[in-house]
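Peer 1: upload.txt is reproduced in full below (compact mmCIF, N, CA and C atoms).
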# COMPACT_ATOMS: atom_id res chain seq x y z
N MET A 23 53.84 -4.86 7.03
CA MET A 23 52.85 -5.10 8.06
C MET A 23 51.89 -3.90 8.15
N LEU A 24 52.45 -2.69 8.14
CA LEU A 24 51.62 -1.50 8.21
C LEU A 24 50.70 -1.40 7.00
N THR A 25 51.20 -1.78 5.84
CA THR A 25 50.39 -1.76 4.63
C THR A 25 49.22 -2.71 4.76
N LEU A 26 49.44 -3.89 5.31
CA LEU A 26 48.38 -4.87 5.50
C LEU A 26 47.30 -4.33 6.45
N LEU A 27 47.70 -3.68 7.51
CA LEU A 27 46.75 -3.10 8.45
C LEU A 27 45.92 -2.01 7.78
N CYS A 28 46.56 -1.18 6.99
CA CYS A 28 45.84 -0.11 6.30
C CYS A 28 44.84 -0.66 5.29
N LEU A 29 45.22 -1.73 4.62
CA LEU A 29 44.33 -2.33 3.62
C LEU A 29 43.14 -3.03 4.26
N SER A 30 43.32 -3.58 5.45
CA SER A 30 42.24 -4.33 6.09
C SER A 30 41.33 -3.45 6.94
N ALA A 31 41.72 -2.22 7.19
CA ALA A 31 40.90 -1.32 8.00
C ALA A 31 39.70 -0.83 7.19
N ARG A 32 38.59 -0.64 7.89
CA ARG A 32 37.42 -0.09 7.22
C ARG A 32 36.70 0.84 8.18
N VAL A 33 35.94 1.74 7.62
CA VAL A 33 35.16 2.66 8.43
C VAL A 33 33.77 2.09 8.59
N ALA A 34 33.30 1.99 9.82
CA ALA A 34 31.95 1.47 10.07
C ALA A 34 30.92 2.50 9.65
N PRO A 35 29.83 2.05 9.00
CA PRO A 35 28.81 3.00 8.60
C PRO A 35 28.14 3.62 9.84
N VAL A 36 27.67 4.84 9.68
CA VAL A 36 27.00 5.52 10.78
C VAL A 36 25.72 4.77 11.15
N GLU A 37 24.93 4.42 10.16
CA GLU A 37 23.68 3.70 10.36
C GLU A 37 23.92 2.24 9.99
N PRO A 38 23.66 1.29 10.90
CA PRO A 38 23.91 -0.11 10.57
C PRO A 38 23.04 -0.58 9.41
N ASP A 39 23.57 -1.57 8.66
CA ASP A 39 22.79 -2.17 7.58
C ASP A 39 21.57 -2.88 8.15
N TYR A 40 20.55 -3.05 7.30
CA TYR A 40 19.37 -3.80 7.69
C TYR A 40 19.60 -5.27 7.40
N GLY A 41 19.22 -6.14 8.32
CA GLY A 41 19.39 -7.56 8.09
C GLY A 41 19.05 -8.37 9.31
N LEU A 42 19.43 -9.63 9.27
CA LEU A 42 19.07 -10.57 10.33
C LEU A 42 20.28 -11.08 11.09
N ASN A 43 21.41 -10.45 10.92
CA ASN A 43 22.63 -10.88 11.61
C ASN A 43 22.97 -9.92 12.74
N PRO A 44 23.67 -10.41 13.77
CA PRO A 44 24.05 -9.52 14.87
C PRO A 44 24.76 -8.26 14.37
N GLY A 45 24.35 -7.14 14.94
CA GLY A 45 24.92 -5.84 14.57
C GLY A 45 24.13 -5.11 13.51
N GLU A 46 23.18 -5.79 12.87
CA GLU A 46 22.37 -5.16 11.84
C GLU A 46 21.04 -4.71 12.41
N ARG A 47 20.45 -3.68 11.80
CA ARG A 47 19.14 -3.20 12.22
C ARG A 47 18.09 -4.13 11.66
N PHE A 48 17.20 -4.63 12.53
CA PHE A 48 16.15 -5.56 12.09
C PHE A 48 15.24 -4.85 11.09
N PRO A 49 14.95 -5.50 9.96
CA PRO A 49 14.21 -4.82 8.87
C PRO A 49 12.70 -4.73 9.12
N GLY A 50 12.28 -4.14 10.22
CA GLY A 50 10.87 -4.03 10.54
C GLY A 50 10.10 -3.12 9.61
N ARG A 51 10.80 -2.24 8.91
CA ARG A 51 10.11 -1.32 8.01
C ARG A 51 9.52 -2.05 6.81
N GLU A 52 9.88 -3.31 6.62
CA GLU A 52 9.38 -4.07 5.49
C GLU A 52 8.17 -4.92 5.83
N MET A 53 7.54 -4.67 6.97
CA MET A 53 6.41 -5.48 7.39
C MET A 53 5.14 -4.64 7.42
N GLU A 54 4.12 -5.11 6.74
CA GLU A 54 2.82 -4.42 6.76
C GLU A 54 2.20 -4.58 8.15
N GLY A 55 1.68 -3.51 8.68
CA GLY A 55 1.00 -3.58 9.97
C GLY A 55 1.94 -3.76 11.14
N PHE A 56 3.20 -3.97 10.85
CA PHE A 56 4.18 -4.21 11.89
C PHE A 56 5.12 -3.02 11.98
N HIS A 57 5.12 -2.22 10.93
CA HIS A 57 6.07 -1.11 10.81
C HIS A 57 5.97 -0.16 12.00
N ASP A 58 4.76 0.27 12.33
CA ASP A 58 4.60 1.26 13.40
C ASP A 58 5.13 0.72 14.72
N THR A 59 4.85 -0.55 14.97
CA THR A 59 5.29 -1.15 16.22
C THR A 59 6.79 -1.34 16.25
N LEU A 60 7.32 -1.96 15.22
CA LEU A 60 8.74 -2.31 15.23
C LEU A 60 9.64 -1.11 14.98
N SER A 61 9.17 -0.15 14.20
CA SER A 61 10.02 1.02 13.95
C SER A 61 10.21 1.83 15.23
N ALA A 62 9.31 1.63 16.18
CA ALA A 62 9.44 2.32 17.46
C ALA A 62 10.49 1.67 18.36
N LEU A 63 11.02 0.52 17.96
CA LEU A 63 12.00 -0.16 18.81
C LEU A 63 13.23 0.68 19.06
N GLY A 64 13.61 1.48 18.09
CA GLY A 64 14.76 2.35 18.30
C GLY A 64 14.52 3.38 19.38
N ARG A 65 13.25 3.70 19.60
CA ARG A 65 12.90 4.68 20.63
C ARG A 65 12.17 4.01 21.80
N GLY A 66 11.77 2.74 21.61
CA GLY A 66 10.92 2.06 22.58
C GLY A 66 11.69 1.16 23.52
N PRO A 67 11.15 -0.05 23.72
CA PRO A 67 11.78 -0.96 24.69
C PRO A 67 13.22 -1.25 24.32
N GLU A 68 14.06 -1.31 25.31
CA GLU A 68 15.47 -1.59 25.05
C GLU A 68 15.67 -2.96 24.44
N THR A 69 14.94 -3.94 24.93
CA THR A 69 15.11 -5.30 24.45
C THR A 69 13.80 -5.85 23.96
N ALA A 70 13.84 -6.55 22.84
CA ALA A 70 12.66 -7.23 22.30
C ALA A 70 13.12 -8.54 21.68
N LEU A 71 12.18 -9.47 21.58
CA LEU A 71 12.45 -10.75 20.93
C LEU A 71 11.54 -10.89 19.72
N VAL A 72 12.08 -11.39 18.63
CA VAL A 72 11.29 -11.76 17.47
C VAL A 72 11.41 -13.26 17.34
N VAL A 73 10.30 -13.95 17.53
CA VAL A 73 10.27 -15.41 17.47
C VAL A 73 9.59 -15.81 16.17
N THR A 74 10.29 -16.59 15.33
CA THR A 74 9.67 -17.09 14.11
C THR A 74 9.35 -18.57 14.32
N TRP A 75 8.17 -18.98 13.85
CA TRP A 75 7.72 -20.35 14.08
C TRP A 75 6.87 -20.84 12.91
N ARG A 76 6.70 -22.16 12.85
CA ARG A 76 5.89 -22.80 11.80
C ARG A 76 4.76 -23.60 12.46
N THR A 77 3.66 -23.70 11.76
CA THR A 77 2.50 -24.41 12.32
C THR A 77 2.77 -25.90 12.49
N ASP A 78 3.62 -26.50 11.65
CA ASP A 78 3.87 -27.93 11.73
C ASP A 78 5.13 -28.26 12.54
N ASP A 79 5.68 -27.29 13.25
CA ASP A 79 6.90 -27.48 14.04
C ASP A 79 6.57 -27.28 15.52
N GLY A 80 6.38 -28.40 16.21
CA GLY A 80 6.00 -28.34 17.62
C GLY A 80 7.01 -27.63 18.49
N LEU A 81 8.30 -27.82 18.21
CA LEU A 81 9.34 -27.18 19.01
C LEU A 81 9.29 -25.67 18.88
N SER A 82 9.13 -25.17 17.66
CA SER A 82 9.08 -23.71 17.49
C SER A 82 7.83 -23.13 18.14
N ARG A 83 6.72 -23.84 18.09
CA ARG A 83 5.49 -23.36 18.74
C ARG A 83 5.64 -23.38 20.26
N ALA A 84 6.28 -24.41 20.80
CA ALA A 84 6.50 -24.49 22.25
C ALA A 84 7.41 -23.36 22.73
N ILE A 85 8.47 -23.09 21.99
CA ILE A 85 9.39 -22.02 22.37
C ILE A 85 8.70 -20.66 22.27
N ASN A 86 7.87 -20.49 21.25
CA ASN A 86 7.10 -19.25 21.11
C ASN A 86 6.25 -19.00 22.35
N ALA A 87 5.53 -20.03 22.79
CA ALA A 87 4.67 -19.90 23.98
C ALA A 87 5.52 -19.67 25.24
N MET A 88 6.60 -20.44 25.38
CA MET A 88 7.45 -20.33 26.56
C MET A 88 8.05 -18.92 26.69
N LEU A 89 8.61 -18.40 25.60
CA LEU A 89 9.22 -17.08 25.67
C LEU A 89 8.19 -15.97 25.88
N SER A 90 7.00 -16.16 25.36
CA SER A 90 5.96 -15.14 25.58
C SER A 90 5.62 -15.04 27.06
N HIS A 91 5.60 -16.17 27.76
CA HIS A 91 5.29 -16.15 29.19
C HIS A 91 6.48 -15.64 30.01
N ARG A 92 7.68 -16.02 29.64
CA ARG A 92 8.86 -15.54 30.37
C ARG A 92 9.03 -14.03 30.23
N SER A 93 8.57 -13.50 29.12
CA SER A 93 8.73 -12.06 28.88
C SER A 93 7.82 -11.23 29.78
N LEU A 94 6.75 -11.84 30.29
CA LEU A 94 5.81 -11.09 31.14
C LEU A 94 6.50 -10.52 32.38
N THR A 95 7.37 -11.30 32.98
CA THR A 95 8.03 -10.84 34.21
C THR A 95 9.26 -9.98 33.94
N SER A 96 9.79 -10.06 32.72
CA SER A 96 11.02 -9.32 32.42
C SER A 96 10.77 -8.00 31.71
N GLY A 97 9.55 -7.77 31.23
CA GLY A 97 9.25 -6.54 30.51
C GLY A 97 9.76 -6.50 29.09
N VAL A 98 10.13 -7.66 28.55
CA VAL A 98 10.62 -7.74 27.18
C VAL A 98 9.43 -7.91 26.24
N THR A 99 9.40 -7.15 25.15
CA THR A 99 8.34 -7.27 24.17
C THR A 99 8.64 -8.43 23.23
N VAL A 100 7.63 -9.27 22.96
CA VAL A 100 7.81 -10.41 22.06
C VAL A 100 6.96 -10.21 20.82
N TYR A 101 7.61 -10.35 19.66
CA TYR A 101 6.93 -10.33 18.36
C TYR A 101 6.96 -11.75 17.82
N SER A 102 5.82 -12.33 17.58
CA SER A 102 5.69 -13.71 17.16
C SER A 102 5.28 -13.75 15.69
N ILE A 103 6.14 -14.32 14.84
CA ILE A 103 5.86 -14.34 13.40
C ILE A 103 5.70 -15.79 12.94
N CYS A 104 4.49 -16.12 12.50
CA CYS A 104 4.21 -17.43 11.92
C CYS A 104 4.66 -17.38 10.46
N LEU A 105 5.55 -18.27 10.09
CA LEU A 105 6.17 -18.22 8.77
C LEU A 105 5.31 -18.75 7.63
N ASP A 106 4.21 -19.45 7.95
CA ASP A 106 3.54 -20.12 6.85
C ASP A 106 2.01 -20.04 6.83
N ASP A 107 1.41 -19.16 7.53
CA ASP A 107 -0.06 -19.10 7.52
C ASP A 107 -0.58 -17.67 7.52
N SER A 108 -1.87 -17.57 7.40
CA SER A 108 -2.52 -16.27 7.45
C SER A 108 -2.53 -15.75 8.88
N ILE A 109 -2.82 -14.49 9.04
CA ILE A 109 -2.85 -13.89 10.38
C ILE A 109 -3.94 -14.52 11.24
N ASP A 110 -5.08 -14.86 10.63
CA ASP A 110 -6.16 -15.50 11.40
C ASP A 110 -5.71 -16.86 11.94
N ASP A 111 -5.06 -17.66 11.08
CA ASP A 111 -4.56 -18.96 11.52
C ASP A 111 -3.46 -18.80 12.57
N ALA A 112 -2.59 -17.82 12.38
CA ALA A 112 -1.51 -17.59 13.35
C ALA A 112 -2.08 -17.23 14.71
N ARG A 113 -3.07 -16.37 14.74
CA ARG A 113 -3.69 -15.99 16.03
C ARG A 113 -4.41 -17.17 16.68
N LEU A 114 -5.09 -17.97 15.86
CA LEU A 114 -5.81 -19.13 16.38
C LEU A 114 -4.82 -20.14 16.99
N LEU A 115 -3.74 -20.43 16.29
CA LEU A 115 -2.75 -21.36 16.82
C LEU A 115 -2.02 -20.80 18.03
N ALA A 116 -1.75 -19.52 18.03
CA ALA A 116 -1.10 -18.91 19.20
C ALA A 116 -2.02 -19.02 20.42
N MET A 117 -3.31 -18.83 20.21
CA MET A 117 -4.26 -18.97 21.31
C MET A 117 -4.30 -20.43 21.79
N ALA A 118 -4.31 -21.38 20.84
CA ALA A 118 -4.31 -22.80 21.20
C ALA A 118 -3.04 -23.19 21.95
N ASP A 119 -1.93 -22.55 21.63
CA ASP A 119 -0.65 -22.84 22.29
C ASP A 119 -0.48 -22.08 23.60
N ASN A 120 -1.49 -21.28 23.95
CA ASN A 120 -1.47 -20.50 25.19
C ASN A 120 -0.35 -19.45 25.20
N VAL A 121 -0.16 -18.79 24.07
CA VAL A 121 0.81 -17.69 23.99
C VAL A 121 0.28 -16.55 24.86
N ALA A 122 1.15 -15.93 25.62
CA ALA A 122 0.75 -14.90 26.59
C ALA A 122 0.12 -13.69 25.90
N MET A 123 -0.86 -13.12 26.59
CA MET A 123 -1.47 -11.87 26.12
C MET A 123 -0.38 -10.80 26.05
N GLY A 124 -0.49 -9.93 25.09
CA GLY A 124 0.49 -8.86 24.93
C GLY A 124 1.56 -9.19 23.89
N THR A 125 1.63 -10.47 23.48
CA THR A 125 2.56 -10.85 22.44
C THR A 125 2.02 -10.36 21.11
N ARG A 126 2.84 -9.69 20.33
CA ARG A 126 2.41 -9.20 19.01
C ARG A 126 2.52 -10.34 18.01
N ILE A 127 1.40 -10.79 17.46
CA ILE A 127 1.37 -11.94 16.56
C ILE A 127 1.22 -11.46 15.12
N LEU A 128 2.08 -11.99 14.25
CA LEU A 128 2.06 -11.65 12.83
C LEU A 128 2.16 -12.92 12.00
N ALA A 129 1.86 -12.79 10.71
CA ALA A 129 1.97 -13.92 9.79
C ALA A 129 2.87 -13.53 8.62
N ALA A 130 3.37 -14.56 7.95
CA ALA A 130 4.26 -14.33 6.80
C ALA A 130 3.59 -13.48 5.74
N SER A 131 2.27 -13.57 5.64
CA SER A 131 1.55 -12.79 4.62
C SER A 131 1.67 -11.29 4.86
N GLN A 132 2.08 -10.87 6.05
CA GLN A 132 2.23 -9.45 6.36
C GLN A 132 3.64 -8.93 6.08
N LEU A 133 4.52 -9.81 5.64
CA LEU A 133 5.90 -9.42 5.39
C LEU A 133 6.10 -9.09 3.93
N SER A 134 7.08 -8.26 3.66
CA SER A 134 7.44 -8.02 2.26
C SER A 134 8.01 -9.33 1.70
N ARG A 135 8.00 -9.45 0.39
CA ARG A 135 8.46 -10.69 -0.23
C ARG A 135 9.92 -11.01 0.13
N GLY A 136 10.77 -10.00 0.10
CA GLY A 136 12.17 -10.22 0.43
C GLY A 136 12.38 -10.65 1.87
N MET A 137 11.67 -9.99 2.77
CA MET A 137 11.78 -10.33 4.20
C MET A 137 11.25 -11.74 4.45
N ARG A 138 10.13 -12.06 3.84
CA ARG A 138 9.52 -13.39 4.00
C ARG A 138 10.50 -14.47 3.52
N GLN A 139 11.12 -14.24 2.38
CA GLN A 139 12.06 -15.23 1.84
C GLN A 139 13.28 -15.39 2.75
N GLN A 140 13.78 -14.28 3.28
CA GLN A 140 14.93 -14.36 4.19
C GLN A 140 14.59 -15.17 5.43
N LEU A 141 13.45 -14.88 6.05
CA LEU A 141 13.07 -15.59 7.27
C LEU A 141 12.76 -17.06 6.99
N MET A 142 12.07 -17.34 5.89
CA MET A 142 11.73 -18.73 5.57
C MET A 142 12.97 -19.55 5.24
N ARG A 143 13.94 -18.94 4.59
CA ARG A 143 15.18 -19.64 4.26
C ARG A 143 15.93 -20.02 5.54
N ARG A 144 15.87 -19.16 6.53
CA ARG A 144 16.56 -19.43 7.79
C ARG A 144 15.79 -20.39 8.68
N GLY A 145 14.46 -20.44 8.52
CA GLY A 145 13.63 -21.31 9.36
C GLY A 145 13.37 -20.69 10.71
N PRO A 146 12.66 -21.42 11.58
CA PRO A 146 12.33 -20.88 12.90
C PRO A 146 13.58 -20.55 13.72
N GLN A 147 13.62 -19.33 14.23
CA GLN A 147 14.72 -18.87 15.07
C GLN A 147 14.17 -17.81 16.04
N VAL A 148 15.03 -17.38 16.93
CA VAL A 148 14.70 -16.28 17.84
C VAL A 148 15.76 -15.21 17.68
N PHE A 149 15.29 -13.99 17.44
CA PHE A 149 16.18 -12.84 17.29
C PHE A 149 16.02 -11.96 18.51
N LYS A 150 17.12 -11.66 19.17
CA LYS A 150 17.10 -10.74 20.30
C LYS A 150 17.51 -9.37 19.77
N LEU A 151 16.65 -8.38 20.00
CA LEU A 151 16.91 -7.03 19.52
C LEU A 151 17.18 -6.12 20.69
N SER A 152 18.10 -5.23 20.50
CA SER A 152 18.39 -4.21 21.49
C SER A 152 18.35 -2.86 20.78
N SER A 153 17.36 -2.06 21.11
CA SER A 153 17.13 -0.77 20.45
C SER A 153 17.07 -0.91 18.93
N GLY A 154 16.43 -1.98 18.46
CA GLY A 154 16.24 -2.19 17.04
C GLY A 154 17.35 -2.92 16.33
N LEU A 155 18.48 -3.13 17.00
CA LEU A 155 19.60 -3.86 16.40
C LEU A 155 19.55 -5.33 16.83
N VAL A 156 19.87 -6.22 15.92
CA VAL A 156 19.95 -7.64 16.26
C VAL A 156 21.19 -7.82 17.13
N SER A 157 20.98 -8.23 18.37
CA SER A 157 22.14 -8.44 19.25
C SER A 157 22.54 -9.91 19.29
N GLU A 158 21.58 -10.81 19.07
CA GLU A 158 21.91 -12.23 19.05
C GLU A 158 20.83 -12.98 18.29
N VAL A 159 21.23 -14.10 17.68
CA VAL A 159 20.31 -14.99 16.98
C VAL A 159 20.45 -16.36 17.63
N TYR A 160 19.32 -16.93 18.03
CA TYR A 160 19.32 -18.22 18.71
C TYR A 160 18.63 -19.28 17.86
N SER A 161 19.23 -20.45 17.78
CA SER A 161 18.55 -21.59 17.17
C SER A 161 17.62 -22.19 18.21
N LEU A 162 16.61 -22.91 17.76
CA LEU A 162 15.67 -23.52 18.69
C LEU A 162 16.35 -24.57 19.55
N ASP A 163 17.27 -25.35 18.96
CA ASP A 163 17.99 -26.37 19.74
C ASP A 163 18.82 -25.74 20.85
N ARG A 164 19.40 -24.61 20.58
CA ARG A 164 20.21 -23.93 21.59
C ARG A 164 19.37 -23.51 22.79
N ILE A 165 18.14 -23.09 22.52
CA ILE A 165 17.25 -22.67 23.61
C ILE A 165 16.71 -23.89 24.35
N TRP A 166 16.20 -24.86 23.59
CA TRP A 166 15.50 -26.00 24.19
C TRP A 166 16.45 -27.02 24.78
N LEU A 167 17.43 -27.46 24.00
CA LEU A 167 18.31 -28.53 24.47
C LEU A 167 19.43 -28.04 25.37
N ASP A 168 20.02 -26.90 25.03
CA ASP A 168 21.13 -26.38 25.82
C ASP A 168 20.67 -25.51 26.98
N GLY A 169 19.38 -25.17 27.01
CA GLY A 169 18.85 -24.38 28.12
C GLY A 169 19.35 -22.94 28.15
N VAL A 170 19.71 -22.40 27.01
CA VAL A 170 20.19 -21.02 26.95
C VAL A 170 19.05 -20.08 27.33
N SER A 171 19.32 -19.15 28.23
CA SER A 171 18.31 -18.18 28.64
C SER A 171 18.31 -17.00 27.68
N VAL A 172 17.17 -16.77 27.06
CA VAL A 172 17.04 -15.69 26.08
C VAL A 172 16.50 -14.44 26.75
N VAL A 173 15.55 -14.62 27.65
CA VAL A 173 14.90 -13.48 28.31
C VAL A 173 15.59 -13.22 29.63
Please express what this file holds, its structure, as structure tokens.

Peer 2:
Amino acid sequence: MLTLLCLSARVAPVEPDYGLNPGERFPGREMEGFHDTLSALGRGPETALVVTWRTDDGLSRAINAMLSHRSLTSGVTVYSICLDDSIDDARLLAMADNVAMGTRILAASQLSRGMRQQLMRRGPQVFKLSSGLVSEVYSLDRIWLDGVSVV
């Protein structure tokens, strides 16, 4: 039994790995124009949301707008990433969807290729960050249908 415990024990790294799963540091350093903002999360706001959405997905666009407005009263910073369009189109659609002022809007074209592929493979989701670490990942159904409070 003691041997099994010794074999299964591991030492946690000092600096968490970069990734999109809870406990990992969100890979903001891989985003053009986003690096300065997101890299400050470790020193900046305690909590932030990263909302990924698609132009042809009404639910993801609605959740993006809803969370941007809810964040106004809570002081949570929202980063809105459109997975499939240019930054100009992303800003235009965010304005049409009435996304709250102060929301940082980005497009997939601003992401590194690896980061873009990771996010696109996962599809629209909401990442809750705490001091730069992913603390929780929410599916859109969990927020919309189950009424889970993210902010």

Peer 1: Can I get the residues of region 105-128 of chain A within 7 Å of region 71-81 of chain A, each with the closest pair of atoms and their distance in Å to one decimal, using all atoms listed in the file, sorted chain first then ascending number, as JSON lines?

Peer 2:
{"residue": "A:Leu105", "atom": "N", "partner": "A:Trp75", "partner_atom": "C", "distance": 4.0}
{"residue": "A:Asp106", "atom": "N", "partner": "A:Arg76", "partner_atom": "CA", "distance": 5.4}
{"residue": "A:Asp107", "atom": "N", "partner": "A:Thr77", "partner_atom": "N", "distance": 6.6}

Peer 1: Please indicate the distance in Å from atom N of Leu162 (chain A) to CA of Gln147 (chain A), rounded to one decimal place.

Peer 2: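 Value for the atom N of Leu162 (chain A)-CA of Gln147 (chain A) distance: 5.2 Å.
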
Peer 1: Any idea what's packed within 8 Å of Asp119 (chain A), counting all atoms listed in the file, ignoring anything in its chain fewer than 6 positions away? Could you give it as a PyMOL selection string?

Peer 2: chain A and resi 83-84+86-88+113

Peer 1: Keeping N, CA and C atoms, export the residues of the selection given above as a PDB file, keeping the file's coordinate frame.

Peer 2:
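As written to disk, again.pdb reads:
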ATOM      1  N   ARG A  83       6.720 -23.840  18.090  1.00  0.00           N
ATOM      2  CA  ARG A  83       5.490 -23.360  18.740  1.00  0.00           C
ATOM      3  C   ARG A  83       5.640 -23.380  20.260  1.00  0.00           C
ATOM      4  N   ALA A  84       6.280 -24.410  20.800  1.00  0.00           N
ATOM      5  CA  ALA A  84       6.500 -24.490  22.250  1.00  0.00           C
ATOM      6  C   ALA A  84       7.410 -23.360  22.730  1.00  0.00           C
ATOM      7  N   ASN A  86       7.870 -20.490  21.250  1.00  0.00           N
ATOM      8  CA  ASN A  86       7.100 -19.250  21.110  1.00  0.00           C
ATOM      9  C   ASN A  86       6.250 -19.000  22.350  1.00  0.00           C
ATOM     10  N   ALA A  87       5.530 -20.030  22.790  1.00  0.00           N
ATOM     11  CA  ALA A  87       4.670 -19.900  23.980  1.00  0.00           C
ATOM     12  C   ALA A  87       5.520 -19.670  25.240  1.00  0.00           C
ATOM     13  N   MET A  88       6.600 -20.440  25.380  1.00  0.00           N
ATOM     14  CA  MET A  88       7.450 -20.330  26.560  1.00  0.00           C
ATOM     15  C   MET A  88       8.050 -18.920  26.690  1.00  0.00           C
ATOM     16  N   ARG A 113      -3.070 -16.370  14.740  1.00  0.00           N
ATOM     17  CA  ARG A 113      -3.690 -15.990  16.030  1.00  0.00           C
ATOM     18  C   ARG A 113      -4.410 -17.170  16.680  1.00  0.00           C
TER      19      ARG A 113
END

Peer 1: Using only C-alpha atoms, find the one residue out of A:Tyr160, A:Leu167, A:Leu141, A:Leu114 that sits nearest to Phe48 (chain A).

Peer 2: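 Selected residue with least distance to Phe48 (chain A): A:Leu141.
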
Peer 1: Write out as a PyMOL selection string the set of residues from region 31-171 of chain A that DSSP, computed on the backbone, places in alpha helix (DSSP H).

Peer 2: chain A and resi 57-61+80-96+109-118+135-144+162-166

Peer 1: What gap, in Å, lies between CA of Met123 (chain A) and atom N of Gly45 (chain A)?

Peer 2: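 Calculated distance between CA of Met123 (chain A) and atom N of Gly45 (chain A) is 28.5 Å.
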
Peer 1: Give me the residues within 10 Å of Arg126 (chain A) as a list in words, counting only C-alpha atoms and dropping any in the same chain fewer than 5 places off.

Peer 2: Phe56, Thr59, Val72, Ser90, Thr99, Val100, Tyr101, Ser102, Ile103, Arg113 and Val121 of chain A

Peer 1: Grab the atom C of Gly97 (chain A) to atom C of Arg138 (chain A) distance for me, in Å with one decimal place.

Peer 2: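 Separating atom C of Gly97 (chain A) from atom C of Arg138 (chain A) is a distance of 26.8 Å.
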
Peer 1: Would you mind writing down, as number ranges by chain, each residue of region 99-172 of chain A that DSSP on the backbone assigns to strand (DSSP E or B)?

Peer 2: A: 99-104, 126-129, 133, 147-152, 155-161

Peer 1: Between A:Pro49, A:Arg92, A:Cys104, A:Ser157, which residue has the minimum interatomic distance to Ala116 (chain A), considering only C-alpha atoms?

Peer 2: A:Cys104

Peer 1: Closest to Ala112 (chain A) among A:Ala129, A:Val98, A:Val173, A:Ile85, using all atoms listed in the file?

Peer 2: A:Ala129

Peer 1: Could you tell me which of A:Ser108, A:Ser131, A:Thr69, A:Ser93 comes closest to Lys150 (chain A) if we count only C-alpha atoms?

Peer 2: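 Of all the options, A:Thr69 lies closest to Lys150 (chain A).
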